[in-house]
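Structure, as structure tokens:
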Amino acid sequence: MTVKFERKTAQLGAGTLDYYVGGETGTDEEGNARLPLVMLHGATGHLETEVHQLLAEGRRIYLPITPGHDETPHVSGVDSIEALAALVAEFIGAELGGRCDLLGYSLGGWQACWIAVNHPEVVELLVLAGCAGFRPDDKGGMPADPAELLHQLYAHPENLPEDTRSAAAKQANVANLAHYNLREPLDQPLVDRLGDIQSLTLILHGTLEQIIPIETCRILSQAIPNQYLVYLYDAAHGLHVDQPERFHEVVREFLNRGVGFIVNQGTKSAAE
Amino acid sequence: MKFSYTHHMPYTGVGKADQDWPVPNKQFDTELGMKIFRAGIDNKVFAEECGFDWIGNNEHHMSPYGLMPNPNLIGACVAERTSKAMILQSGNIVPIVNPIRVAEEYAMLDVISGGRLMCGFMRGIPHEYIAYGLPPDESRPRLAEATELIRKAWTEPAPFGWEGEFYKFRAVSLWPKPMQKPHPPILYSGSNPDSARTAARNRAMLGMVFIPNLEAGRAVIEAYLDEAHKCGWEPGPEHILCGFHTCIAETDEAAREHLERGVKYFMQVLMAPQREAQQIVVQKSRYFGSDGAGEFFLHRLNHAGSRTIEGAIEDGTVICGSPETAVKQIKRIHAELGCGWINTNMKVGNIPNQAVRRGMELFRDHVQPEVRDLSKSTGAMPVMAMAGE
């Protein structure tokens, strides 16, 4: 069954935050309600893909829109990645009952790290996919040539869903990043605090990734206390588009089973 | 020019040739098996004394063709008794076994041997997929994914997981890691243009065996060189290994007599049962792509037995004769193929071990001194790292 994501607006202390929400809250093996999953989009903004549908089976999903993206208003005083993280943390506190599982893709991963560092009380499990913000020596980065950019974003562009947004709208989203002063490819203050992350963390990296260098994985895996690094085979930067089933499989197992996700459960249930 | 010595441990005690595959093992005599292993390992150790640069071990299953379903066991034996020659595992049939196990055992061999391992990443021959119950159609994509996974396992500095098409591992951290950095050199088999291109894309050495003639071999090498160029690297002679049945004796006549007998046993006893199985696999699966490689393989398979030793010598597909003749043949192969390595298979079928050992001595004393300088190489091992390694 297709999950319909509704667009809503949250009224927060500093201003408004638009978001999409969909999926029904499911329960874990002990009958407890699953935490909602907050997914933070990348630089070009939110684009609903197969992965959103897959993850929304048995889980309530929230998809905040970065203020200024998709013609949404900026929020006064929110002009840095750290401030953006604080806004999302406030959103989690106000709208989601104060705690969630958090998945950040690319730019969203950068935000997610700041949320986990500064607001650990709102994050249970953390997933960083193709995480931006940790590119030493300016390695990687998005190429200016559109064709090359598409090539580096997707190993399987045929998997892309129909995107109704205009090229200008997507370009405006990328231009909006300037509002958050994202000049440094390596966020050293954040690197220095990665050790404060309390959440069990899953780091995902495509084997064909070029925009985010392998050094990002080294930085994250060495600094975050409790983490697992998983390579998604045959995936470029847009790893959830290139390999939606693999992405879903590993994320779902991580979210459902925490550290237990490293144990192969086989195909038979324990009851059998 | 450098040389490899391969001995695939053929079982020589088959009385009545069996046409079925897997070959019923009622004819297997354990005492004879033990003697074959001992003689085979002794010969491999002796190869180092004879100046061979590599000592090769290969993997085959469920037939008297070769008694090394796990060649790494033999590689470990040879590593312990040698000190200079590289241990060429040519190799593990990567798609049919657990790739993490391959990474671990190769890393062990590299450390045990003091960094003398050369890793073959083989796709195998079609019937091996029946032996391990895996779809032949998946052989190429399994090899591609396993290759990336193994390289990652060798080079990652911290534990990692893998979510792939065929392989899923959530926590990998190799102990030991290989001694050679970033990892041991890799060799792919490639006896048709498609496989040769795969080797080039993986920045691996090309290992070519059983070519029908030198012209066909040259076409395979050209495909390898062209693809490597497209991928941004330029292989040299040191990246190309060509394998040949080899029989060297005091005279041309003696060598031909030995090889004729060995090839007869090889073709009629060792190859016969798996030839049938290979035909079934090739005809009933997509083991080969649609570029005619399957037809090429079957043609080669079905016509190899009908070729005379004289014809093979004329075609340049065997090395057979007195030392003087062998030198001429090697020079011809080098001139026409431009390979920097020759792999010699001297234990062809049931050639007596005494004749094999004598051939090795003749190679040492009279052949190698004449051809060693044919292909100048830096001597460096051809490790071609991929991005990120």
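By convention in this document, the chains of the structure tokens carry letters A, B, ... by their order, each chain's residues are numbered from 1, and ligands are numbered from 1 in the order they are shown.
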Give me the residues within 7 Å of A:Arg34 as a count of residues only, counting only C-alpha atoms and dropping any in the same chain fewer than 5 places off. 5
Please identify all polymer residues within 7 Å of A:Ile61, counting only C-alpha atoms, omitting same-chain residues fewer than 5 positions from it, and present them as a compact mmCIF listing (two decimals) with N, CA and C atoms, in the first residue's frame.
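Okay, this is what ended up in selection-v3.txt:
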# COMPACT_ATOMS: atom_id res chain seq x y z
N VAL A 21 4.96 14.28 6.54
CA VAL A 21 4.83 13.20 7.51
C VAL A 21 3.96 12.10 6.89
N GLY A 22 4.34 10.84 7.19
CA GLY A 22 3.57 9.72 6.67
C GLY A 22 3.93 8.44 7.39
N GLY A 23 3.13 7.41 7.19
CA GLY A 23 3.37 6.11 7.83
C GLY A 23 2.69 6.02 9.18
N PRO A 36 9.41 7.48 16.25
CA PRO A 36 9.33 8.03 14.89
C PRO A 36 10.73 8.17 14.29
N LEU A 37 10.78 8.18 12.97
CA LEU A 37 12.06 8.37 12.26
C LEU A 37 12.04 9.73 11.59
N VAL A 38 13.03 10.55 11.90
CA VAL A 38 13.19 11.84 11.23
C VAL A 38 14.28 11.68 10.18
N ALA A 56 8.52 3.55 5.61
CA ALA A 56 7.26 3.97 6.24
C ALA A 56 6.35 2.79 6.59
Would you mind listing, for every residue of chain B within 9 Å of chain A, the two atoms forming the shortest contact and the distance between them in Å to one decimal, using only C-alpha atoms, sorted by chain and ascending residue number, as JSON lines?
{"residue": "B:Glu145", "atom": "CA", "partner": "A:Tyr233", "partner_atom": "CA", "distance": 7.5}
{"residue": "B:Glu148", "atom": "CA", "partner": "A:Thr207", "partner_atom": "CA", "distance": 8.5}
{"residue": "B:Leu149", "atom": "CA", "partner": "A:Tyr233", "partner_atom": "CA", "distance": 8.7}
{"residue": "B:Pro157", "atom": "CA", "partner": "A:Arg218", "partner_atom": "CA", "distance": 8.3}
{"residue": "B:Ala158", "atom": "CA", "partner": "A:Ser221", "partner_atom": "CA", "distance": 7.9}
{"residue": "B:Pro159", "atom": "CA", "partner": "A:Leu229", "partner_atom": "CA", "distance": 7.3}
{"residue": "B:Phe160", "atom": "CA", "partner": "A:Leu229", "partner_atom": "CA", "distance": 4.9}
{"residue": "B:Gly161", "atom": "CA", "partner": "A:Val230", "partner_atom": "CA", "distance": 4.0}
{"residue": "B:Trp162", "atom": "CA", "partner": "A:Tyr231", "partner_atom": "CA", "distance": 4.9}
{"residue": "B:Glu163", "atom": "CA", "partner": "A:Leu232", "partner_atom": "CA", "distance": 5.0}
{"residue": "B:Gly164", "atom": "CA", "partner": "A:Tyr233", "partner_atom": "CA", "distance": 4.8}
{"residue": "B:Glu165", "atom": "CA", "partner": "A:Tyr233", "partner_atom": "CA", "distance": 7.3}
{"residue": "B:Phe169", "atom": "CA", "partner": "A:Ile262", "partner_atom": "CA", "distance": 7.9}
{"residue": "B:Arg170", "atom": "CA", "partner": "A:Ile262", "partner_atom": "CA", "distance": 5.0}
{"residue": "B:Ala171", "atom": "CA", "partner": "A:Ile262", "partner_atom": "CA", "distance": 6.6}
{"residue": "B:Gly388", "atom": "CA", "partner": "A:Ile214", "partner_atom": "CA", "distance": 6.8}
B:Ile342, B:Ala255, B:Leu143, B:Leu337: which is nearest B:Gly217, counting only C-alpha atoms?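 Under the stated criterion, the closest residue is B:Leu337.
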Any idea what the distance is between atom CA of B:Ala200 and atom CA of B:Val102?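 Computing it gives 21.1 Å between the two atoms.
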Stretch 76-87 of chain A environment, 12 Å, only C-alpha atoms, sequence neighbours closer than 3 positions dropped, as a ChimeraX atom specification: /A:10-18,40,64-68,73,90-95,102,104,107-120,122-123,132-133,176-184,187,189-190
Within 6 Å of stretch 103-108 of chain B, counting only C-alpha atoms, which residues show up once you throw out same-chain ones fewer than 2 positions away? Write them as a list of chain:residue names, please. B:Ile100, B:Arg101, B:Asp110, B:Val111, B:Ile112, B:Ile150, B:Lys177, B:Pro178
If we count only C-alpha atoms, what is near stretch 35-50 of chain B at a cut-off of 10 Å, once residues fewer than 4 positions away on the same chain are taken out, given as a ChimeraX atom specification? /B:4-13,30-31,54-57,67-68,74-75,77-87,347,353,356-357,360-365,368
